[in-house]
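Chemist: Dropping a structure here in structure tokens format, bear with me for questions.
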Amino acid sequence: WAEPVSRPDLSAATGVVDPYAYRHRVRELMSRPIVAVAGTVTVRQAVNLMVERRISSLFVCDDGRPDGPVSGYGIVTERDVMRLVAAHGADALSQPVGGFASRPLASIAAGAFVYRAIGRMERLKIRHLAVRDEDERLAGVISARDLLRLRAGAAIGLDDAIRAAGGAAEMAR
């Protein structure tokens, strides 16, 4: 009983964790410029804009300006549009986006670490998170797609290490 309980060496298990999310800030991954529209824009116009700009969300506010306080915005995403069309058919395309934009807008500080954005998105079960600057103004957006690129890097590196392993011992490491 001189040696109570041996503690497992966790360094091997935690060595696989990609430290990127703990070292980098949201501002490094966020997408810019911000695309904002007035709440009176129709779903059809919003979809056309998302297709044209190759983006998956739009911010919605009264005047359509992209530089206001975060509290004045809602967000419309591709999924929101799909749900609206599924519920209302083609008639949904003529509805104004202001009527179904998600509010209040979930956001995170641009200076926050990336792991905090991941945690907030998972907790809220959302795929887009507004990014705010020090003055609480809309600064950008971070999406699940941005984070997937981050996570894919670690997975690709792990896959490469597995393929390059010369045997069972190397594979175990």
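In the structure tokens, chains take letters A, B, ... by order of appearance, with residues numbered from 1 within each chain and ligands from 1 in the order shown.
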Per residue of range 66-127 of chain A within 7 Å of range 39-43 of chain A, what are the shortest atom pair and its distance in Å to one decimal, counting only C-alpha atoms, with rows by chain and residue number, as JSON lines?

Modeler:
{"residue": "A:Ala92", "atom": "CA", "partner": "A:Val43", "partner_atom": "CA", "distance": 6.9}
{"residue": "A:Leu93", "atom": "CA", "partner": "A:Val43", "partner_atom": "CA", "distance": 4.7}
{"residue": "A:Ser94", "atom": "CA", "partner": "A:Thr42", "partner_atom": "CA", "distance": 5.4}
{"residue": "A:Gln95", "atom": "CA", "partner": "A:Thr42", "partner_atom": "CA", "distance": 5.3}
{"residue": "A:Pro96", "atom": "CA", "partner": "A:Thr42", "partner_atom": "CA", "distance": 4.3}
{"residue": "A:Val97", "atom": "CA", "partner": "A:Gly39", "partner_atom": "CA", "distance": 5.4}
{"residue": "A:Gly98", "atom": "CA", "partner": "A:Gly39", "partner_atom": "CA", "distance": 3.8}

Chemist: If we count only C-alpha atoms and set the cut-off at 10 Å, which residues sit around Leu105 in chain A, ignoring sequence neighbours fewer than 5 positions away in its own chain? Please answer as a ChimeraX atom specification.

Modeler: /A:59-60,70-75,128-130

Chemist: May I have the residues within 10 Å of Ser107 in chain A as a list in words, using only C-alpha atoms and disregarding those fewer than 3 positions away in the same chain?

Modeler: Val70, Ser71, Pro104, Ala110, Ala117, Arg120, Met121, His128, Leu129, Ala130, Val131, Arg132, Glu136, Leu138, Gly140, Val141 and Ile142 of chain A

Chemist: Given the selection you just returned, output its residues as a file containing all heavy atoms, formatted as a tab-separated table (two decimals), in the first residue's frame.

Modeler:
chain	number	residue	atom	x	y	z
A	70	VAL	N	-24.20	44.60	-32.30
A	70	VAL	CA	-24.64	43.20	-32.44
A	70	VAL	C	-26.09	43.03	-32.02
A	70	VAL	O	-26.84	42.27	-32.63
A	70	VAL	CB	-23.71	42.27	-31.62
A	70	VAL	CG1	-24.27	40.87	-31.53
A	70	VAL	CG2	-22.33	42.23	-32.22
A	71	SER	N	-26.51	43.77	-31.02
A	71	SER	CA	-27.88	43.63	-30.50
A	71	SER	C	-28.96	43.99	-31.52
A	71	SER	O	-30.10	43.60	-31.36
A	71	SER	CB	-28.05	44.49	-29.25
A	71	SER	OG	-27.82	45.86	-29.57
A	104	PRO	N	-32.57	36.52	-30.23
A	104	PRO	CA	-31.40	37.39	-30.28
A	104	PRO	C	-30.23	36.66	-30.93
A	104	PRO	O	-30.14	35.43	-30.91
A	104	PRO	CB	-31.12	37.70	-28.81
A	104	PRO	CG	-31.67	36.54	-28.06
A	104	PRO	CD	-32.85	36.06	-28.86
A	110	ALA	N	-14.38	38.74	-30.65
A	110	ALA	CA	-13.35	38.43	-31.64
A	110	ALA	C	-12.06	37.95	-30.97
A	110	ALA	O	-11.33	37.13	-31.52
A	110	ALA	CB	-13.06	39.65	-32.51
A	117	ALA	N	-15.66	29.34	-29.04
A	117	ALA	CA	-16.66	29.40	-30.12
A	117	ALA	C	-17.22	28.00	-30.37
A	117	ALA	O	-18.43	27.83	-30.54
A	117	ALA	CB	-16.04	29.96	-31.40
A	120	ARG	N	-19.62	27.17	-27.53
A	120	ARG	CA	-20.88	27.92	-27.59
A	120	ARG	C	-21.78	27.38	-28.69
A	120	ARG	O	-22.98	27.22	-28.51
A	120	ARG	CB	-20.59	29.41	-27.81
A	120	ARG	CG	-21.86	30.23	-27.81
A	120	ARG	CD	-21.66	31.66	-27.40
A	120	ARG	NE	-20.97	31.73	-26.12
A	120	ARG	CZ	-20.21	32.77	-25.77
A	120	ARG	NH1	-20.10	33.80	-26.54
A	120	ARG	NH2	-19.60	32.76	-24.60
A	121	MET	N	-21.20	27.10	-29.85
A	121	MET	CA	-22.00	26.59	-30.97
A	121	MET	C	-22.60	25.22	-30.63
A	121	MET	O	-23.75	24.95	-30.95
A	121	MET	CB	-21.16	26.55	-32.24
A	121	MET	CG	-20.84	27.94	-32.76
A	121	MET	SD	-19.60	27.96	-34.06
A	121	MET	CE	-20.59	27.41	-35.43
A	128	HIS	N	-23.76	28.88	-36.95
A	128	HIS	CA	-23.20	30.20	-37.25
A	128	HIS	C	-23.18	31.02	-35.97
A	128	HIS	O	-24.16	31.02	-35.22
A	128	HIS	CB	-24.03	30.93	-38.31
A	128	HIS	CG	-24.05	30.23	-39.62
A	128	HIS	ND1	-24.91	29.18	-39.88
A	128	HIS	CD2	-23.32	30.42	-40.73
A	128	HIS	CE1	-24.69	28.75	-41.12
A	128	HIS	NE2	-23.74	29.50	-41.65
A	129	LEU	N	-22.10	31.72	-35.76
A	129	LEU	CA	-21.94	32.53	-34.56
A	129	LEU	C	-21.42	33.89	-34.98
A	129	LEU	O	-20.39	33.99	-35.66
A	129	LEU	CB	-20.96	31.84	-33.62
A	129	LEU	CG	-20.80	32.32	-32.19
A	129	LEU	CD1	-22.13	32.28	-31.44
A	129	LEU	CD2	-19.77	31.46	-31.46
A	130	ALA	N	-22.15	34.94	-34.61
A	130	ALA	CA	-21.69	36.29	-34.92
A	130	ALA	C	-20.45	36.60	-34.09
A	130	ALA	O	-20.31	36.11	-32.96
A	130	ALA	CB	-22.79	37.30	-34.60
A	131	VAL	N	-19.57	37.40	-34.64
A	131	VAL	CA	-18.36	37.81	-33.93
A	131	VAL	C	-18.47	39.31	-33.70
A	131	VAL	O	-18.78	40.07	-34.62
A	131	VAL	CB	-17.09	37.48	-34.75
A	131	VAL	CG1	-15.84	37.91	-34.00
A	131	VAL	CG2	-17.03	35.98	-35.09
A	132	ARG	N	-18.22	39.72	-32.46
A	132	ARG	CA	-18.32	41.14	-32.11
A	132	ARG	C	-16.96	41.70	-31.72
A	132	ARG	O	-16.12	40.98	-31.18
A	132	ARG	CB	-19.34	41.35	-31.00
A	132	ARG	CG	-18.98	40.67	-29.71
A	132	ARG	CD	-20.08	40.82	-28.64
A	132	ARG	NE	-19.62	40.30	-27.38
A	132	ARG	CZ	-19.65	39.03	-27.02
A	132	ARG	NH1	-20.14	38.12	-27.84
A	132	ARG	NH2	-19.19	38.65	-25.84
A	136	GLU	N	-18.69	46.06	-29.15
A	136	GLU	CA	-19.95	45.32	-29.27
A	136	GLU	C	-20.61	45.50	-30.64
A	136	GLU	O	-21.82	45.40	-30.78
A	136	GLU	CB	-20.95	45.71	-28.16
A	136	GLU	CG	-20.45	45.39	-26.76
A	136	GLU	CD	-20.28	43.90	-26.51
A	136	GLU	OE1	-21.20	43.12	-26.83
A	136	GLU	OE2	-19.22	43.51	-25.99
A	138	LEU	N	-20.85	44.36	-34.77
A	138	LEU	CA	-20.69	43.17	-35.59
A	138	LEU	C	-19.36	43.25	-36.34
A	138	LEU	O	-19.08	44.23	-37.03
A	138	LEU	CB	-21.86	43.08	-36.56
A	138	LEU	CG	-22.00	41.79	-37.35
A	138	LEU	CD1	-22.17	40.59	-36.41
A	138	LEU	CD2	-23.21	41.89	-38.28
A	140	GLY	N	-17.81	40.07	-37.75
A	140	GLY	CA	-17.66	38.95	-38.66
A	140	GLY	C	-18.57	37.81	-38.26
A	140	GLY	O	-19.45	37.97	-37.43
A	141	VAL	N	-18.31	36.65	-38.83
A	141	VAL	CA	-19.09	35.46	-38.52
A	141	VAL	C	-18.14	34.27	-38.56
A	141	VAL	O	-17.19	34.24	-39.33
A	141	VAL	CB	-20.27	35.27	-39.51
A	141	VAL	CG1	-19.79	35.06	-40.92
A	141	VAL	CG2	-21.19	34.15	-39.07
A	142	ILE	N	-18.40	33.31	-37.69
A	142	ILE	CA	-17.66	32.05	-37.73
A	142	ILE	C	-18.70	30.95	-37.87
A	142	ILE	O	-19.75	30.98	-37.22
A	142	ILE	CB	-16.76	31.87	-36.48
A	142	ILE	CG1	-15.84	30.69	-36.66
A	142	ILE	CG2	-17.55	31.80	-35.22
A	142	ILE	CD1	-14.66	30.68	-35.71

Chemist: Using only C-alpha atoms, which of the listed residues (A:Met82, A:Val26, A:Ala144, A:Ala21) sits closest to Ile126 in chain A?

Modeler: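 The closest residue to Ile126 in chain A is A:Ala144.
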
Chemist: If you run DSSP on the backbone, which residues of chain A are strand (DSSP E or B), as JSON, numbers by chain?

Modeler: {"A": [25, 31, 36, 37, 38, 42, 57, 58, 59, 60, 61, 69, 74, 75, 76, 77, 96, 102, 107, 108, 109, 113, 128, 129, 130, 131, 132, 137, 138, 139, 140, 141, 142, 143]}

Chemist: Deliver the residues from the most recent selection as a file, using C-alpha atoms, as a compact mmCIF listing (two decimals), in the first residue's frame.

Modeler:
# COMPACT_ATOMS: atom_id res chain seq x y z
CA ARG A 25 -8.43 33.60 -31.53
CA SER A 31 -15.28 35.41 -42.23
CA ALA A 36 -26.18 42.29 -43.99
CA VAL A 37 -29.59 43.02 -45.46
CA ALA A 38 -32.66 44.96 -44.39
CA THR A 42 -37.44 38.81 -49.63
CA SER A 57 -25.86 33.07 -43.77
CA LEU A 58 -26.91 36.72 -43.81
CA PHE A 59 -27.29 39.19 -40.99
CA VAL A 60 -30.60 41.04 -40.86
CA CYS A 61 -31.21 44.49 -39.37
CA PRO A 69 -24.24 46.98 -32.66
CA GLY A 74 -30.75 38.68 -36.45
CA ILE A 75 -29.41 35.95 -38.71
CA VAL A 76 -30.88 33.93 -41.57
CA THR A 77 -29.13 30.74 -42.63
CA PRO A 96 -39.46 39.19 -45.91
CA SER A 102 -33.20 34.23 -35.55
CA SER A 107 -22.26 36.06 -30.59
CA ILE A 108 -18.72 35.79 -29.29
CA ALA A 109 -15.90 38.29 -28.84
CA PHE A 113 -10.14 31.55 -28.12
CA HIS A 128 -23.20 30.20 -37.25
CA LEU A 129 -21.94 32.53 -34.56
CA ALA A 130 -21.69 36.29 -34.92
CA VAL A 131 -18.36 37.81 -33.93
CA ARG A 132 -18.32 41.14 -32.11
CA ARG A 137 -20.30 45.94 -33.02
CA LEU A 138 -20.69 43.17 -35.59
CA ALA A 139 -17.20 42.23 -36.80
CA GLY A 140 -17.66 38.95 -38.66
CA VAL A 141 -19.09 35.46 -38.52
CA ILE A 142 -17.66 32.05 -37.73
CA SER A 143 -19.40 28.96 -39.04

Chemist: Step one, run DSSP on the backbone; step two, keep only residues of chain A assigned to helix (DSSP H, G or I); then write them as a compact mmCIF listing (two decimals) with N, CA, C and O atoms, in the first residue's frame.

Modeler:
# COMPACT_ATOMS: atom_id res chain seq x y z
N SER A 11 -0.48 11.79 -21.15
CA SER A 11 0.19 12.60 -22.17
C SER A 11 0.07 11.97 -23.55
O SER A 11 -0.04 12.68 -24.55
N ALA A 12 0.07 10.65 -23.62
CA ALA A 12 -0.07 10.00 -24.93
C ALA A 12 -1.45 10.28 -25.52
O ALA A 12 -1.58 10.58 -26.70
N ALA A 13 -2.48 10.21 -24.70
CA ALA A 13 -3.84 10.43 -25.19
C ALA A 13 -4.07 11.90 -25.54
O ALA A 13 -4.73 12.21 -26.52
N THR A 14 -3.55 12.80 -24.74
CA THR A 14 -3.79 14.21 -25.00
C THR A 14 -2.86 14.77 -26.07
O THR A 14 -3.10 15.85 -26.58
N TYR A 20 -4.62 23.90 -31.77
CA TYR A 20 -4.95 25.11 -32.50
C TYR A 20 -6.07 25.91 -31.83
O TYR A 20 -5.97 27.12 -31.65
N ALA A 21 -7.13 25.21 -31.44
CA ALA A 21 -8.30 25.89 -30.87
C ALA A 21 -7.99 26.55 -29.53
O ALA A 21 -8.71 27.44 -29.09
N TYR A 22 -6.91 26.12 -28.89
CA TYR A 22 -6.53 26.68 -27.59
C TYR A 22 -5.45 27.75 -27.72
O TYR A 22 -5.09 28.38 -26.75
N ARG A 23 -4.96 27.94 -28.91
CA ARG A 23 -3.88 28.92 -29.14
C ARG A 23 -4.30 30.08 -30.03
O ARG A 23 -3.62 31.09 -30.09
N VAL A 26 -10.70 33.77 -32.30
CA VAL A 26 -11.81 33.74 -33.25
C VAL A 26 -11.54 34.68 -34.43
O VAL A 26 -11.82 34.35 -35.58
N ARG A 27 -10.95 35.84 -34.17
CA ARG A 27 -10.71 36.82 -35.25
C ARG A 27 -9.85 36.25 -36.36
O ARG A 27 -9.89 36.72 -37.49
N GLU A 28 -9.05 35.22 -36.05
CA GLU A 28 -8.18 34.61 -37.06
C GLU A 28 -8.96 33.70 -38.02
O GLU A 28 -8.50 33.43 -39.11
N VAL A 43 -37.08 36.49 -49.19
CA VAL A 43 -36.30 35.25 -49.10
C VAL A 43 -35.61 34.97 -50.44
O VAL A 43 -34.45 34.59 -50.48
N ARG A 44 -36.32 35.19 -51.55
CA ARG A 44 -35.72 34.97 -52.87
C ARG A 44 -34.47 35.83 -53.06
O ARG A 44 -33.44 35.37 -53.50
N GLN A 45 -34.56 37.11 -52.70
CA GLN A 45 -33.41 38.00 -52.82
C GLN A 45 -32.28 37.55 -51.91
O GLN A 45 -31.11 37.59 -52.30
N ALA A 46 -32.61 37.12 -50.70
CA ALA A 46 -31.60 36.65 -49.76
C ALA A 46 -30.90 35.40 -50.28
O ALA A 46 -29.67 35.29 -50.22
N VAL A 47 -31.67 34.47 -50.82
CA VAL A 47 -31.08 33.24 -51.38
C VAL A 47 -30.17 33.59 -52.55
O VAL A 47 -29.04 33.08 -52.65
N ASN A 48 -30.63 34.47 -53.42
CA ASN A 48 -29.79 34.88 -54.55
C ASN A 48 -28.48 35.50 -54.09
O ASN A 48 -27.41 35.22 -54.65
N LEU A 49 -28.55 36.32 -53.05
CA LEU A 49 -27.34 36.94 -52.51
C LEU A 49 -26.40 35.91 -51.90
O LEU A 49 -25.18 35.96 -52.11
N MET A 50 -26.96 34.93 -51.16
CA MET A 50 -26.12 33.89 -50.57
C MET A 50 -25.44 33.06 -51.66
O MET A 50 -24.26 32.72 -51.55
N VAL A 51 -26.17 32.75 -52.71
CA VAL A 51 -25.60 31.98 -53.82
C VAL A 51 -24.50 32.79 -54.52
O VAL A 51 -23.41 32.28 -54.77
N GLU A 52 -24.80 34.04 -54.79
CA GLU A 52 -23.85 34.92 -55.48
C GLU A 52 -22.55 35.09 -54.68
O GLU A 52 -21.46 35.03 -55.22
N ARG A 53 -22.68 35.27 -53.37
CA ARG A 53 -21.51 35.50 -52.51
C ARG A 53 -20.89 34.21 -51.99
O ARG A 53 -19.87 34.24 -51.32
N VAL A 70 -24.20 44.60 -32.30
CA VAL A 70 -24.64 43.20 -32.44
C VAL A 70 -26.09 43.03 -32.02
O VAL A 70 -26.84 42.27 -32.63
N SER A 71 -26.51 43.77 -31.02
CA SER A 71 -27.88 43.63 -30.50
C SER A 71 -28.96 43.99 -31.52
O SER A 71 -30.10 43.60 -31.36
N GLY A 72 -28.60 44.68 -32.58
CA GLY A 72 -29.57 45.07 -33.59
C GLY A 72 -29.76 44.09 -34.73
O GLY A 72 -30.53 44.34 -35.65
N GLU A 78 -28.98 29.14 -44.42
CA GLU A 78 -29.51 28.22 -45.44
C GLU A 78 -30.57 27.29 -44.82
O GLU A 78 -31.61 27.05 -45.42
N ARG A 79 -30.28 26.78 -43.65
CA ARG A 79 -31.22 25.86 -42.98
C ARG A 79 -32.54 26.55 -42.66
O ARG A 79 -33.61 25.95 -42.78
N ASP A 80 -32.47 27.80 -42.24
CA ASP A 80 -33.70 28.55 -41.96
C ASP A 80 -34.55 28.63 -43.22
O ASP A 80 -35.77 28.44 -43.18
N VAL A 81 -33.91 28.91 -44.35
CA VAL A 81 -34.62 29.03 -45.62
C VAL A 81 -35.23 27.68 -46.00
O VAL A 81 -36.40 27.61 -46.41
N MET A 82 -34.48 26.61 -45.85
CA MET A 82 -35.01 25.28 -46.18
C MET A 82 -36.24 24.94 -45.33
O MET A 82 -37.24 24.43 -45.84
N ARG A 83 -36.17 25.25 -44.04
CA ARG A 83 -37.31 24.99 -43.16
C ARG A 83 -38.53 25.81 -43.57
O ARG A 83 -39.66 25.32 -43.56
N LEU A 84 -38.30 27.06 -43.93
CA LEU A 84 -39.39 27.94 -44.34
C LEU A 84 -40.03 27.43 -45.62
O LEU A 84 -41.26 27.39 -45.73
N VAL A 85 -39.22 27.03 -46.59
CA VAL A 85 -39.75 26.52 -47.86
C VAL A 85 -40.49 25.19 -47.62
O VAL A 85 -41.55 24.96 -48.20
N ALA A 86 -39.95 24.35 -46.75
CA ALA A 86 -40.62 23.09 -46.44
C ALA A 86 -41.99 23.34 -45.81
O ALA A 86 -42.95 22.60 -46.08
N ALA A 87 -42.10 24.37 -44.99
CA ALA A 87 -43.36 24.66 -44.31
C ALA A 87 -44.37 25.41 -45.18
O ALA A 87 -45.57 25.20 -45.05
N HIS A 88 -43.87 26.29 -46.08
CA HIS A 88 -44.78 27.17 -46.82
C HIS A 88 -44.68 27.04 -48.34
O HIS A 88 -45.36 27.79 -49.05
N GLY A 89 -43.83 26.15 -48.82
CA GLY A 89 -43.70 25.98 -50.26
C GLY A 89 -43.12 27.21 -50.94
O GLY A 89 -42.44 28.02 -50.33
N ALA A 90 -43.43 27.36 -52.22
CA ALA A 90 -42.89 28.45 -53.03
C ALA A 90 -43.30 29.82 -52.51
O ALA A 90 -42.61 30.82 -52.74
N ASP A 91 -44.43 29.89 -51.78
CA ASP A 91 -44.87 31.17 -51.22
C ASP A 91 -43.83 31.76 -50.26
O ASP A 91 -43.80 32.97 -50.05
N ALA A 92 -43.02 30.90 -49.68
CA ALA A 92 -42.00 31.37 -48.73
C ALA A 92 -41.02 32.34 -49.39
O ALA A 92 -40.49 33.23 -48.72
N LEU A 93 -40.78 32.17 -50.68
CA LEU A 93 -39.78 33.00 -51.36
C LEU A 93 -40.14 34.47 -51.42
O LEU A 93 -39.27 35.32 -51.58
N SER A 94 -41.41 34.79 -51.25
CA SER A 94 -41.82 36.20 -51.30
C SER A 94 -41.92 36.82 -49.90
O SER A 94 -42.19 38.02 -49.78
N VAL A 97 -37.32 38.50 -44.97
CA VAL A 97 -36.44 37.74 -44.07
C VAL A 97 -36.52 38.23 -42.63
O VAL A 97 -36.25 37.48 -41.70
N GLY A 98 -36.93 39.48 -42.45
CA GLY A 98 -37.02 40.02 -41.09
C GLY A 98 -38.02 39.29 -40.22
O GLY A 98 -37.88 39.27 -39.00
N GLY A 99 -39.00 38.64 -40.84
CA GLY A 99 -40.03 37.94 -40.09
C GLY A 99 -39.58 36.62 -39.49
O GLY A 99 -40.22 36.11 -38.58
N VAL A 114 -10.69 30.09 -29.96
CA VAL A 114 -11.53 29.31 -30.87
C VAL A 114 -12.30 28.22 -30.11
O VAL A 114 -13.46 27.97 -30.41
N TYR A 115 -11.69 27.61 -29.11
CA TYR A 115 -12.39 26.54 -28.39
C TYR A 115 -13.67 27.06 -27.74
O TYR A 115 -14.64 26.34 -27.58
N ARG A 116 -13.69 28.34 -27.37
CA ARG A 116 -14.90 28.91 -26.78
C ARG A 116 -16.02 29.01 -27.82
O ARG A 116 -17.19 28.80 -27.50
N ALA A 117 -15.66 29.34 -29.04
CA ALA A 117 -16.66 29.40 -30.12
C ALA A 117 -17.22 28.00 -30.37
O ALA A 117 -18.43 27.83 -30.54
N ILE A 118 -16.35 27.01 -30.40
CA ILE A 118 -16.80 25.62 -30.60
C ILE A 118 -17.78 25.23 -29.50
O ILE A 118 -18.86 24.70 -29.77
N GLY A 119 -17.43 25.51 -28.27
CA GLY A 119 -18.29 25.17 -27.14
C GLY A 119 -19.63 25.88 -27.19
O GLY A 119 -20.67 25.27 -26.95
N ARG A 120 -19.62 27.17 -27.53
CA ARG A 120 -20.88 27.92 -27.59
C ARG A 120 -21.78 27.38 -28.69
O ARG A 120 -22.98 27.22 -28.51
N MET A 121 -21.20 27.10 -29.85
CA MET A 121 -22.00 26.59 -30.97
C MET A 121 -22.60 25.22 -30.63
O MET A 121 -23.75 24.95 -30.95
N GLU A 122 -21.81 24.37 -29.99
CA GLU A 122 -22.32 23.05 -29.62
C GLU A 122 -23.40 23.17 -28.55
O GLU A 122 -24.43 22.50 -28.63
N ARG A 123 -23.21 24.03 -27.57
CA ARG A 123 -24.20 24.20 -26.50
C ARG A 123 -25.51 24.75 -27.04
O ARG A 123 -26.60 24.28 -26.68
N LEU A 124 -25.43 25.72 -27.94
CA LEU A 124 -26.63 26.34 -28.50
C LEU A 124 -27.20 25.58 -29.70
O LEU A 124 -28.27 25.92 -30.19
N ALA A 144 -19.72 26.63 -38.69
CA ALA A 144 -19.31 25.24 -38.49
C ALA A 144 -18.35 24.81 -39.60
O ALA A 144 -17.44 24.03 -39.37
N ARG A 145 -18.56 25.34 -40.79
CA ARG A 145 -17.67 25.03 -41.91
C ARG A 145 -16.25 25.51 -41.63
O ARG A 145 -15.28 24.81 -41.91
N ASP A 146 -16.12 26.70 -41.05
CA ASP A 146 -14.80 27.21 -40.67
C ASP A 146 -14.14 26.28 -39.66
O ASP A 146 -12.95 25.99 -39.74
N LEU A 147 -14.93 25.83 -38.69
CA LEU A 147 -14.40 24.96 -37.65
C LEU A 147 -14.12 23.56 -38.16
O LEU A 147 -13.20 22.89 -37.69
N LEU A 148 -14.88 23.12 -39.15
CA LEU A 148 -14.63 21.81 -39.75
C LEU A 148 -13.25 21.80 -40.41
O LEU A 148 -12.51 20.83 -40.28
N ARG A 149 -12.92 22.88 -41.07
CA ARG A 149 -11.58 22.98 -41.67
C ARG A 149 -10.51 22.84 -40.61
O ARG A 149 -9.50 22.18 -40.80
N LEU A 150 -10.74 23.45 -39.45
CA LEU A 150 -9.81 23.37 -38.33
C LEU A 150 -9.69 21.93 -37.84
O LEU A 150 -8.61 21.39 -37.69
N ARG A 151 -10.84 21.29 -37.61
CA ARG A 151 -10.83 19.91 -37.11
C ARG A 151 -10.31 18.94 -38.15
O ARG A 151 -9.67 17.95 -37.83
N ALA A 152 -10.59 19.18 -39.40
CA ALA A 152 -10.13 18.28 -40.46
C ALA A 152 -8.62 18.24 -40.53
O ALA A 152 -8.03 17.21 -40.81
N GLY A 153 -7.96 19.35 -40.22
CA GLY A 153 -6.50 19.39 -40.25
C GLY A 153 -5.90 18.37 -39.30
O GLY A 153 -4.97 17.65 -39.64
N ALA A 154 -6.43 18.29 -38.08
CA ALA A 154 -5.94 17.33 -37.10
C ALA A 154 -6.21 15.91 -37.55
O ALA A 154 -5.37 15.02 -37.43
N ALA A 155 -7.40 15.68 -38.09
CA ALA A 155 -7.77 14.33 -38.55
C ALA A 155 -6.89 13.89 -39.71
O ALA A 155 -6.46 12.74 -39.78
N ILE A 156 -6.62 14.80 -40.63
CA ILE A 156 -5.77 14.46 -41.77
C ILE A 156 -4.36 14.15 -41.31
O ILE A 156 -3.74 13.21 -41.79
N GLY A 157 -3.86 14.92 -40.34
CA GLY A 157 -2.53 14.65 -39.80
C GLY A 157 -2.46 13.30 -39.11
O GLY A 157 -1.48 12.56 -39.26
N LEU A 158 -3.50 12.96 -38.36
CA LEU A 158 -3.55 11.66 -37.69
C LEU A 158 -3.61 10.54 -38.71
O LEU A 158 -2.90 9.53 -38.59
N ASP A 159 -4.42 10.69 -39.75
CA ASP A 159 -4.51 9.69 -40.81
C ASP A 159 -3.15 9.47 -41.46
O ASP A 159 -2.74 8.33 -41.69
N ASP A 160 -2.43 10.55 -41.72
CA ASP A 160 -1.11 10.44 -42.34
C ASP A 160 -0.14 9.70 -41.42
O ASP A 160 0.63 8.85 -41.87
N ALA A 161 -0.19 10.01 -40.12
CA ALA A 161 0.70 9.33 -39.16
C ALA A 161 0.39 7.84 -39.09
O ALA A 161 1.30 7.01 -39.00
N ILE A 162 -0.88 7.47 -39.15
CA ILE A 162 -1.27 6.06 -39.12
C ILE A 162 -0.77 5.35 -40.35
O ILE A 162 -0.21 4.26 -40.28
N ARG A 163 -0.95 5.98 -41.50
CA ARG A 163 -0.50 5.35 -42.75
C ARG A 163 1.02 5.20 -42.81
O ARG A 163 1.53 4.29 -43.44
N ALA A 164 1.72 6.12 -42.18
CA ALA A 164 3.19 6.08 -42.22
C ALA A 164 3.79 5.16 -41.16
O ALA A 164 4.99 4.88 -41.20
N ALA A 168 3.14 -2.18 -35.37
CA ALA A 168 2.16 -2.06 -34.30
C ALA A 168 2.60 -1.08 -33.22
O ALA A 168 1.80 -0.26 -32.75
N ALA A 169 3.88 -1.13 -32.84
CA ALA A 169 4.37 -0.25 -31.77
C ALA A 169 4.29 1.20 -32.22
O ALA A 169 3.88 2.08 -31.45
N GLU A 170 4.66 1.46 -33.44
CA GLU A 170 4.60 2.82 -33.96
C GLU A 170 3.15 3.28 -34.09
O GLU A 170 2.83 4.44 -33.85
N MET A 171 2.29 2.36 -34.48
CA MET A 171 0.87 2.66 -34.60
C MET A 171 0.30 3.01 -33.22
O MET A 171 -0.48 3.96 -33.09
N ALA A 172 0.69 2.30 -32.20
CA ALA A 172 0.20 2.55 -30.84
C ALA A 172 0.64 3.93 -30.36
O ALA A 172 -0.10 4.61 -29.65

Chemist: Quick check, in Å to one decimal: how far apart do CA of Pro33 in chain A and CA of Pro19 in chain A lie?

Modeler: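 According to the coordinates, CA of Pro33 in chain A and CA of Pro19 in chain A are separated by 27.2 Å.
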
Chemist: Just give me the gap between CA of Val35 in chain A and CA of Asp63 in chain A in Å, one decimal is fine.

Modeler: 12.4 Å

Chemist: A:Arg173, A:Gly68, A:Ala106, A:Ala165: which is nearest Asp135 in chain A, counting only C-alpha atoms?

Modeler: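 Nearest candidate to Asp135 in chain A out of A:Arg173, A:Gly68, A:Ala106, A:Ala165: A:Gly68.
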
Chemist: To one decimal in Å, tell me the separation between CA of Ala112 in chain A and CA of Asp133 in chain A.

Modeler: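 Computing it gives 10.3 Å between the two atoms.
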